[in-house]
>>> print(open('my_file_4.cif').read())   # mmCIF, C-alpha atoms
data_start
loop_
_atom_site.label_atom_id
_atom_site.label_comp_id
_atom_site.auth_asym_id
_atom_site.auth_seq_id
_atom_site.Cartn_x
_atom_site.Cartn_y
_atom_site.Cartn_z
CA MET A 1 201.17 -33.32 11.67
CA MET A 2 197.83 -31.71 12.12
CA THR A 3 196.30 -31.98 15.59
CA MET A 4 193.05 -33.81 15.99
CA MET A 5 189.74 -32.04 15.88
CA LYS A 6 188.60 -30.87 19.31
CA PRO A 7 185.77 -32.90 20.89
CA ARG A 8 183.42 -29.91 21.00
CA VAL A 9 183.89 -29.38 17.27
CA PHE A 10 183.03 -33.00 16.60
CA LEU A 11 179.96 -32.72 18.85
CA LEU A 12 178.87 -29.91 16.56
CA LEU A 13 179.35 -32.20 13.57
CA LEU A 14 177.24 -34.90 15.22
CA THR A 15 174.55 -32.30 15.86
CA VAL A 16 174.56 -31.44 12.17
CA VAL A 17 174.13 -35.11 11.31
CA GLY A 18 171.23 -35.34 13.74
CA VAL A 19 169.54 -32.33 12.17
CA ALA A 20 170.01 -33.81 8.71
CA GLY A 21 168.59 -37.11 9.90
CA ALA A 22 165.57 -35.45 11.47
CA SER A 23 164.95 -33.58 8.23
CA ALA A 24 165.11 -36.81 6.26
CA PHE A 25 162.58 -38.51 8.53
CA ALA A 26 160.30 -35.50 8.46
CA THR A 27 160.07 -35.69 4.67
CA SER A 28 160.08 -39.45 4.24
CA PRO A 29 156.89 -41.41 3.58
CA SER A 30 155.26 -43.12 6.49
CA LYS A 31 154.96 -46.41 4.64
CA THR A 32 157.15 -49.30 5.64
CA GLY A 33 159.67 -50.70 3.20
CA VAL A 34 160.30 -47.27 1.69
CA THR A 35 161.79 -47.36 -1.78
CA ALA A 36 163.73 -44.77 -3.71
CA SER A 37 161.04 -44.57 -6.34
CA THR A 38 158.41 -43.88 -3.68
CA HIS A 39 160.38 -40.93 -2.38
CA ARG A 40 160.88 -39.48 -5.82
CA GLN A 41 157.22 -39.82 -6.74
CA SER A 42 156.26 -37.80 -3.68
CA SER A 43 158.40 -34.87 -4.87
CA VAL A 44 157.03 -34.69 -8.44
CA GLN A 45 155.38 -31.36 -9.15
CA ARG A 46 152.12 -31.69 -11.04
CA PRO A 47 150.50 -28.72 -12.83
CA PHE A 48 147.20 -27.49 -11.44
CA LEU A 49 144.27 -29.11 -13.21
CA PRO A 50 140.81 -27.75 -12.51
CA ASN A 51 138.23 -30.40 -11.77
CA SER A 52 135.22 -31.08 -13.93
CA SER A 53 132.89 -29.03 -11.75
CA ASN A 54 134.75 -25.87 -12.73
CA LYS A 55 134.40 -26.45 -16.50
CA LEU A 56 132.08 -24.11 -18.41
CA SER A 57 129.78 -25.90 -20.83
CA SER A 58 128.54 -22.99 -22.97
CA PRO A 59 129.10 -19.30 -23.88
CA THR A 60 126.01 -18.43 -21.82
CA ALA A 61 127.49 -20.13 -18.79
CA LEU A 62 130.72 -18.30 -19.48
CA ALA A 63 128.97 -14.95 -19.57
CA LEU A 64 127.09 -15.71 -16.35
CA SER A 65 130.30 -16.74 -14.67
CA VAL A 66 131.90 -13.42 -15.63
CA ASP A 67 128.98 -11.24 -14.60
CA ALA A 68 127.55 -13.05 -11.60
CA GLY A 69 130.22 -15.58 -10.65
CA GLY A 70 133.18 -13.29 -10.18
CA ALA A 71 133.54 -14.15 -6.54
CA ARG A 72 133.82 -17.86 -7.30
CA ASN A 73 136.46 -17.21 -9.98
CA ASN A 74 138.42 -15.09 -7.53
CA ASN A 75 138.38 -17.98 -5.12
CA ASN A 76 139.55 -20.32 -7.87
CA ASN A 77 142.38 -17.94 -8.74
CA LYS A 78 143.44 -17.85 -5.11
CA ASN A 79 143.38 -21.64 -4.97
CA ILE A 80 145.54 -21.80 -8.09
CA LYS A 81 148.04 -19.36 -6.62
CA ASN A 82 148.14 -21.22 -3.31
CA THR A 83 148.63 -24.54 -5.07
CA ASN A 84 151.42 -23.21 -7.26
CA LYS A 85 153.08 -21.65 -4.23
CA GLU A 86 152.95 -24.97 -2.38
CA LEU A 87 154.48 -26.74 -5.36
CA LEU A 88 157.28 -24.18 -5.61
CA ASP A 89 157.95 -24.39 -1.87
CA SER A 90 158.04 -28.18 -2.09
CA GLY A 91 160.52 -28.07 -4.99
CA LEU A 92 162.71 -25.53 -3.18
CA LYS A 93 162.68 -27.62 -0.03
CA ASP A 94 163.69 -30.72 -1.98
CA THR A 95 166.52 -28.82 -3.69
CA LEU A 96 167.83 -27.42 -0.41
CA GLN A 97 167.66 -30.86 1.18
CA THR A 98 169.72 -32.38 -1.62
CA ALA A 99 172.24 -29.53 -1.42
CA SER A 100 172.57 -29.99 2.35
CA TYR A 101 173.24 -33.71 1.87
CA PHE A 102 176.09 -32.95 -0.53
CA ALA A 103 177.54 -30.23 1.73
CA LEU A 104 177.53 -32.53 4.76
CA TRP A 105 178.92 -35.35 2.66
CA TYR A 106 181.93 -33.20 1.73
CA LEU A 107 182.41 -31.87 5.27
CA PHE A 108 182.47 -35.25 6.98
CA ASN A 109 184.59 -36.74 4.21
CA ILE A 110 187.30 -34.13 4.76
CA ALA A 111 187.37 -34.92 8.48
CA TYR A 112 187.46 -38.66 7.80
CA ASN A 113 190.37 -38.43 5.37
CA ILE A 114 192.44 -36.52 7.93
CA TYR A 115 191.72 -38.96 10.76
CA ASN A 116 192.15 -41.96 8.50
CA LYS A 117 195.54 -40.82 7.21
CA GLN A 118 196.74 -40.13 10.75
CA SER A 119 195.62 -43.60 11.83
CA LEU A 120 197.36 -45.34 8.93
CA ASN A 121 200.55 -43.35 9.54
CA VAL A 122 200.95 -44.93 12.99
CA LEU A 123 199.21 -48.29 12.44
CA ASP A 124 200.17 -50.08 9.24
CA TYR A 125 197.24 -52.49 9.48
CA PRO A 126 194.68 -51.24 6.94
CA TRP A 127 192.33 -54.23 7.31
CA THR A 128 192.17 -53.75 11.08
CA VAL A 129 191.71 -50.00 10.78
CA ALA A 130 188.95 -50.53 8.20
CA THR A 131 187.18 -53.04 10.45
CA ILE A 132 187.33 -50.72 13.47
CA GLN A 133 185.96 -47.84 11.42
CA MET A 134 183.12 -49.99 10.12
CA ALA A 135 182.24 -51.35 13.57
CA ILE A 136 182.21 -47.88 15.18
CA GLY A 137 179.03 -47.07 13.26
CA ILE A 138 177.14 -49.72 15.23
CA PHE A 139 177.60 -47.61 18.36
CA TYR A 140 175.85 -44.77 16.55
CA PHE A 141 172.69 -46.31 15.14
CA VAL A 142 171.94 -49.06 17.70
CA PRO A 143 171.27 -46.54 20.52
CA LEU A 144 168.95 -44.67 18.16
CA TRP A 145 166.97 -47.87 17.66
CA VAL A 146 166.96 -48.82 21.34
CA LEU A 147 165.85 -45.36 22.50
CA GLY A 148 163.16 -45.19 19.84
CA ILE A 149 164.65 -42.09 18.21
CA ARG A 150 164.74 -44.03 14.99
CA LYS A 151 162.46 -46.94 14.19
CA ALA A 152 164.41 -50.18 14.04
CA PRO A 153 164.16 -52.09 10.74
CA LYS A 154 162.45 -55.46 10.64
CA LEU A 155 164.01 -57.84 8.13
CA SER A 156 163.35 -61.45 7.20
CA PHE A 157 166.02 -63.96 6.20
CA ASN A 158 165.11 -63.44 2.54
CA ASP A 159 165.55 -59.68 2.98
CA LEU A 160 169.06 -60.22 4.32
CA LYS A 161 169.85 -62.49 1.37
CA THR A 162 168.75 -59.72 -0.97
CA LEU A 163 170.98 -57.19 0.79
CA LEU A 164 174.03 -59.46 1.03
CA PRO A 165 175.47 -58.58 -2.42
CA ILE A 166 175.13 -54.87 -1.59
CA ALA A 167 176.87 -55.46 1.76
CA LEU A 168 179.73 -57.23 -0.01
CA CYS A 169 180.10 -54.25 -2.35
CA HIS A 170 179.97 -51.90 0.63
CA THR A 171 182.80 -53.87 2.23
CA GLY A 172 184.88 -53.68 -0.94
CA VAL A 173 184.41 -49.91 -1.17
CA HIS A 174 185.80 -49.31 2.30
CA VAL A 175 188.60 -51.86 2.39
CA GLY A 176 189.85 -50.90 -1.07
CA ALA A 177 189.97 -47.20 -0.19
CA VAL A 178 191.72 -47.73 3.15
CA ILE A 179 194.37 -50.01 1.63
CA ALA A 180 194.95 -47.56 -1.24
CA LEU A 181 195.38 -44.62 1.14
CA GLY A 182 197.81 -46.64 3.23
CA ALA A 183 199.83 -48.00 0.30
CA GLY A 184 200.36 -44.72 -1.55
CA ALA A 185 199.85 -40.99 -1.42
CA VAL A 186 196.40 -39.56 -0.82
CA SER A 187 196.62 -37.71 -4.14
CA PHE A 188 197.26 -40.88 -6.14
CA ALA A 189 194.40 -42.74 -4.45
CA HIS A 190 191.98 -39.95 -5.32
CA ILE A 191 193.24 -39.74 -8.90
CA VAL A 192 192.37 -43.41 -9.40
CA LYS A 193 189.08 -42.98 -7.52
CA ALA A 194 188.22 -40.16 -9.93
CA SER A 195 187.57 -42.75 -12.63
CA GLU A 196 184.50 -44.01 -10.75
CA PRO A 197 181.99 -42.20 -13.03
CA VAL A 198 183.35 -44.20 -15.97
CA VAL A 199 182.88 -47.45 -14.07
CA THR A 200 179.40 -46.34 -13.03
CA CYS A 201 178.40 -45.61 -16.62
CA VAL A 202 179.63 -49.03 -17.73
CA LEU A 203 177.75 -50.87 -14.98
CA ASN A 204 174.59 -48.82 -15.55
CA ALA A 205 174.68 -49.74 -19.23
CA ALA A 206 175.35 -53.41 -18.45
CA PHE A 207 172.85 -53.98 -15.63
CA LEU A 208 170.28 -51.16 -15.89
CA ASN A 209 170.30 -50.78 -19.69
CA GLN A 210 170.86 -47.07 -19.16
CA ILE A 211 172.57 -45.63 -22.23
CA LEU A 212 173.18 -41.89 -22.08
CA PRO A 213 173.92 -39.70 -25.12
CA THR A 214 177.55 -39.45 -26.19
CA PRO A 215 177.92 -35.76 -25.10
CA VAL A 216 177.11 -36.78 -21.52
CA TYR A 217 179.91 -39.33 -21.48
CA LEU A 218 182.32 -36.84 -23.06
CA THR A 219 181.72 -34.36 -20.23
CA LEU A 220 183.11 -36.88 -17.77
CA LEU A 221 186.55 -36.47 -19.35
CA PRO A 222 187.30 -32.93 -18.09
CA ILE A 223 186.12 -33.92 -14.62
CA ILE A 224 188.52 -36.84 -14.45
CA GLY A 225 191.29 -34.84 -16.15
CA GLY A 226 190.80 -31.88 -13.82
CA VAL A 227 191.19 -34.03 -10.73
CA ALA A 228 194.27 -35.67 -12.26
CA ILE A 229 195.87 -32.27 -12.94
CA ALA A 230 195.09 -31.09 -9.40
CA SER A 231 196.82 -34.15 -7.97
CA LEU A 232 199.71 -34.37 -10.42
CA LYS A 233 202.36 -32.88 -8.11
CA GLU A 234 201.67 -35.51 -5.45
CA LEU A 235 201.53 -38.50 -7.79
CA SER A 236 203.03 -41.64 -6.23
CA PHE A 237 202.46 -44.89 -8.09
CA THR A 238 202.24 -48.33 -6.48
CA TRP A 239 200.47 -51.36 -7.93
CA LEU A 240 198.82 -52.09 -4.57
CA ALA A 241 197.39 -48.59 -4.35
CA LEU A 242 196.18 -48.77 -7.96
CA GLY A 243 194.53 -52.17 -7.57
CA SER A 244 192.92 -51.31 -4.23
CA ALA A 245 191.54 -48.00 -5.48
CA MET A 246 190.07 -49.71 -8.55
CA LEU A 247 188.52 -52.35 -6.28
CA SER A 248 186.88 -49.52 -4.37
CA ASN A 249 185.69 -47.94 -7.64
CA VAL A 250 184.08 -51.11 -8.96
CA SER A 251 182.54 -51.91 -5.59
CA SER A 252 181.10 -48.40 -5.22
CA ALA A 253 179.59 -48.40 -8.72
CA ALA A 254 178.15 -51.87 -8.19
CA ARG A 255 176.71 -50.84 -4.83
CA GLY A 256 174.94 -47.90 -6.45
CA VAL A 257 173.48 -50.02 -9.24
CA LEU A 258 172.38 -52.79 -6.87
CA SER A 259 170.89 -50.26 -4.46
CA LYS A 260 168.80 -48.77 -7.25
CA LYS A 261 167.61 -52.20 -8.34
CA THR A 262 166.84 -53.18 -4.73
CA MET A 263 165.13 -49.96 -3.68
CA SER A 264 163.12 -49.45 -6.85
CA GLY A 265 159.58 -50.82 -6.68
CA LYS A 266 160.40 -53.66 -4.30
CA LYS A 267 159.45 -53.78 -0.64
CA ILE A 268 162.23 -54.95 1.67
CA GLY A 269 161.32 -55.37 5.31
CA GLU A 270 159.83 -52.61 7.43
CA ASN A 271 161.20 -49.19 8.42
CA LEU A 272 163.98 -49.58 5.85
CA ASP A 273 164.56 -46.01 4.73
CA ALA A 274 167.91 -44.81 3.37
CA GLN A 275 169.46 -44.31 6.81
CA ASN A 276 168.38 -47.66 8.19
CA LEU A 277 169.44 -49.40 4.99
CA TYR A 278 172.93 -48.00 5.40
CA ALA A 279 172.94 -49.02 9.07
CA VAL A 280 172.02 -52.59 8.14
CA LEU A 281 174.74 -52.67 5.50
CA THR A 282 177.24 -51.42 8.09
CA ALA A 283 176.33 -54.22 10.50
CA MET A 284 176.52 -56.83 7.74
CA SER A 285 179.86 -55.49 6.46
CA THR A 286 181.28 -55.58 9.98
CA ALA A 287 180.32 -59.24 10.26
CA ILE A 288 182.01 -59.87 6.90
CA LEU A 289 185.17 -57.95 7.78
CA ILE A 290 185.96 -59.49 11.19
CA PRO A 291 186.86 -62.98 9.93
CA LEU A 292 188.57 -61.60 6.82
CA THR A 293 190.72 -59.25 8.91
CA LEU A 294 191.75 -62.02 11.28
CA ALA A 295 192.68 -64.16 8.30
CA VAL A 296 194.74 -61.43 6.60
CA GLU A 297 196.37 -59.57 9.50
CA GLY A 298 195.68 -61.67 12.56
CA THR A 299 196.05 -59.80 15.86
CA GLY A 300 199.23 -57.97 14.95
CA ALA A 301 197.54 -54.60 15.31
CA VAL A 302 197.21 -55.15 19.06
CA SER A 303 200.97 -55.33 19.60
CA ALA A 304 201.50 -52.47 17.13
CA PHE A 305 199.09 -50.36 19.16
CA GLY A 306 201.17 -50.99 22.29
CA LYS A 307 204.39 -50.06 20.50
CA VAL A 308 202.94 -46.74 19.33
CA VAL A 309 201.88 -45.90 22.88
CA SER A 310 205.28 -46.94 24.27
CA SER A 311 207.06 -44.71 21.75
CA GLY A 312 205.25 -41.67 23.13
CA LYS A 313 203.70 -40.65 19.80
CA TYR A 314 200.23 -41.10 21.26
CA THR A 315 198.77 -41.92 24.62
CA GLN A 316 196.49 -44.93 24.81
CA LYS A 317 193.51 -42.61 25.15
CA GLY A 318 194.70 -40.39 22.29
CA LEU A 319 195.22 -43.24 19.85
CA SER A 320 191.90 -44.81 20.81
CA LEU A 321 190.19 -41.47 20.27
CA LEU A 322 191.89 -41.10 16.88
CA LEU A 323 190.56 -44.47 15.71
CA ALA A 324 187.10 -43.72 17.13
CA MET A 325 186.93 -40.35 15.39
CA SER A 326 187.96 -41.89 12.09
CA GLY A 327 185.15 -44.43 12.49
CA LEU A 328 182.50 -41.89 13.51
CA THR A 329 183.31 -39.48 10.67
CA TYR A 330 183.40 -42.41 8.26
CA TYR A 331 179.90 -43.49 9.24
CA ALA A 332 178.59 -39.92 9.23
CA TYR A 333 179.82 -39.08 5.74
CA ASN A 334 178.67 -42.38 4.30
CA GLU A 335 175.19 -42.11 5.79
CA VAL A 336 174.79 -38.66 4.26
CA ALA A 337 176.27 -39.91 0.98
CA PHE A 338 173.73 -42.74 0.94
CA LEU A 339 170.94 -40.18 1.39
CA ALA A 340 172.39 -38.16 -1.49
CA LEU A 341 172.46 -41.30 -3.67
CA GLY A 342 168.74 -41.73 -3.08
CA LYS A 343 168.09 -38.19 -4.37
CA VAL A 344 170.04 -38.39 -7.64
CA ASN A 345 170.94 -40.92 -10.31
CA PRO A 346 174.12 -43.02 -9.93
CA VAL A 347 176.08 -41.06 -12.54
CA THR A 348 175.36 -37.72 -10.84
CA HIS A 349 176.37 -39.26 -7.53
CA ALA A 350 179.61 -40.48 -9.12
CA VAL A 351 180.33 -37.00 -10.52
CA GLY A 352 179.78 -35.48 -7.08
CA ASN A 353 182.15 -38.07 -5.72
CA THR A 354 184.75 -37.00 -8.29
CA ILE A 355 184.49 -33.31 -7.38
CA LYS A 356 184.82 -34.36 -3.77
CA ARG A 357 188.38 -35.53 -4.58
CA VAL A 358 189.36 -31.96 -5.41
CA VAL A 359 187.77 -30.65 -2.22
CA ILE A 360 189.60 -33.24 -0.12
CA ILE A 361 192.96 -32.47 -1.74
CA VAL A 362 192.53 -28.72 -1.23
CA ALA A 363 191.37 -29.24 2.36
CA SER A 364 194.39 -31.47 3.03
CA VAL A 365 196.71 -28.79 1.66
CA ILE A 366 195.19 -26.25 4.06
CA ALA A 367 195.00 -28.62 7.04
CA PHE A 368 198.62 -29.79 6.76
CA LYS A 369 199.88 -26.33 5.72
CA THR A 370 201.38 -27.43 2.43
CA PRO A 371 201.43 -24.98 -0.51
CA MET A 372 198.85 -25.39 -3.26
CA SER A 373 200.44 -25.57 -6.70
CA THR A 374 199.21 -23.83 -9.82
CA GLY A 375 198.35 -27.23 -11.22
CA SER A 376 195.98 -27.86 -8.33
CA ILE A 377 194.17 -24.58 -8.96
CA VAL A 378 193.92 -25.24 -12.70
CA GLY A 379 192.77 -28.81 -12.13
CA SER A 380 190.05 -27.72 -9.73
CA SER A 381 188.79 -25.16 -12.25
CA VAL A 382 188.70 -27.74 -15.04
CA ALA A 383 186.84 -30.22 -12.87
CA ILE A 384 184.21 -27.65 -11.87
CA ALA A 385 183.78 -26.62 -15.51
CA GLY A 386 183.32 -30.28 -16.40
CA THR A 387 180.55 -30.54 -13.83
CA LEU A 388 178.71 -27.63 -15.45
CA LEU A 389 179.07 -29.23 -18.88
CA TYR A 390 177.78 -32.51 -17.47
CA SER A 391 174.69 -30.80 -16.03
CA LEU A 392 173.96 -29.10 -19.34
CA ALA A 393 174.41 -32.36 -21.25
CA MET A 394 172.13 -34.21 -18.85
CA ASN A 395 169.41 -31.56 -19.25
CA ALA A 396 169.76 -31.78 -23.02
CA SER A 397 169.42 -35.57 -22.87
CA LYS A 398 166.01 -35.14 -21.22
CA ASP A 399 164.62 -33.41 -24.32
CA PRO A 400 161.43 -35.30 -25.29
CA LYS A 401 162.46 -35.28 -28.96
CA ALA A 402 165.81 -36.83 -28.10
CA ASN A 403 164.08 -39.49 -26.03
CA VAL A 404 161.72 -40.31 -28.89
CA LYS A 405 164.65 -40.67 -31.29
CA GLY A 406 166.41 -42.91 -28.81
CA LYS A 407 163.36 -45.16 -28.49
CA ILE A 408 163.00 -45.36 -32.28
CA LYS A 409 166.66 -46.42 -32.66
CA LYS A 410 166.23 -48.97 -29.88
CA ASN A 411 163.12 -50.44 -31.54
CA ILE A 412 164.90 -50.60 -34.92
CA LYS A 413 167.77 -52.53 -33.35
CA LYS A 414 165.27 -54.98 -31.86
#
>>> encode(input="my_file_4.cif", output="structure tokens")
Amino acid sequence: MMTMMKPRVFLLLLTVVGVAGASAFATSPSKTGVTASTHRQSSVQRPFLPNSSNKLSSPTALALSVDAGGARNNNNNKNIKNTNKELLDSGLKDTLQTASYFALWYLFNIAYNIYNKQSLNVLDYPWTVATIQMAIGIFYFVPLWVLGIRKAPKLSFNDLKTLLPIALCHTGVHVGAVIALGAGAVSFAHIVKASEPVVTCVLNAAFLNQILPTPVYLTLLPIIGGVAIASLKELSFTWLALGSAMLSNVSSAARGVLSKKTMSGKKIGENLDAQNLYAVLTAMSTAILIPLTLAVEGTGAVSAFGKVVSSGKYTQKGLSLLLAMSGLTYYAYNEVAFLALGKVNPVTHAVGNTIKRVVIIVASVIAFKTPMSTGSIVGSSVAIAGTLLYSLAMNASKDPKANVKGKIKKNIKK
């Protein structure tokens, strides 16, 4: 079994999270009740449009401007260049920020999957493990609020009612995944989780009326197939693992759709940016999980914990640290994933989540020193190729002519 990550390495990971968080706050709007649409509007690049005072009303004025107004035109040219440079820099910064979110998302997810699997191997109480992991996040964001490092959100009772369905979905995502990973092999859980883009597309069509062109949907097939091929050698079927993984899929897709509907054009509380929204959902999900866990598993995990320590597999401190690390990495990767969700559409987020399955499987092979089969290599290649095809299909779907045709068909149906 792989040894746990050294504390200093994890401190480095926390530092990375802090840097990412600081970057997010530095670029976020200062308005309270920040919405996803507000953030996206701030990053739109608009072409330079000269104001009316720079317009030339006649050929004579044009001639005078060439002969005697050269200096002013030079200044205008410099302004145009400076403006274009600022727009390019802004676009590059936004692209790098999104890329960093995805990189951190993958990094923390790999660490979480290792810690989570180790925890479930010694404690066969997935509901309890899931609750502990969810609750650990509170010890991360509450100090940030108390110390003033991050502005604490201010929510009314109606705001909490609005967020409750999202919190329920968030709970289902985590519990379903933990149960699936405990009931079967990691590879099988990620194969089933790879179907999330399909679920996302269905829910987007049902609740957001978002219908993408057929080629876009077809490109999801090689992504799902590639992940399945990469995991084929480790396939281990159980109905509990299948049902739990699908519960996580549906919950994740629903959370994305509901988040978009909640964060788009509607003010919810104050200081509720992406990070604070995820923190609030974590606190709400913890409150939901505690009674459910007691009802399902009771306090059996306490005695199981003592038996593991008595067997000598772990010391009390070592097992406690293992559970804490699984919770901290869980919160870290989900907070970054939530930031990534706010930068892209739900389908793109789901595709990134699918590719993440390949990364996790490969990382697990390296971490636990198990050989990587040819099927895994082929599957990874197919999945990556599918991602490229998806990007091309999405760009093609943004063609103005295609959009006009789509609107015409929609109006005809009406």
>>> atom_distance(input="my_file_4.cif", atom1="CA of Val186 (chain A)", atom2="CA of Gly298 (chain A)")
25.9 Å
>>> residues_around(input="my_file_4.cif", residues="region 249-252 of chain A", least_positions_apart="3", cutoff="8 Å", atoms="all atoms listed in the file", output="PyMOL selection string")
chain A and resi 169-170+172-173+193+195-196+199-200+245-246+255-256
>>> residues_around(input="my_file_4.cif", residues="Ser303 (chain A)", least_positions_apart="5", cutoff="12 Å", atoms="only C-alpha atoms", output="list in words")
Leu123, Asp124, Tyr125, Glu297, Gly298, Val308, Val309 and Ser310 of chain A
>>> closest_residue(input="my_file_4.cif", among="A:Gly342, A:Gly243, A:Gly318, A:Gly352", to="Pro197 (chain A)", atoms="all atoms listed in the file")
A:Gly352
>>> residues_around(input="my_file_4.cif", residues="Ala194 (chain A)", least_positions_apart="5", cutoff="10 Å", atoms="only C-alpha atoms", output="ChimeraX atom specification")
/A:188-189,199,220,223-228,245-246,249,350-351,353-358
>>> closest_residue(input="my_file_4.cif", among="A:Val336, A:Ala383, A:Leu388, A:Val280", to="Ala99 (chain A)", atoms="only C-alpha atoms")
A:Val336
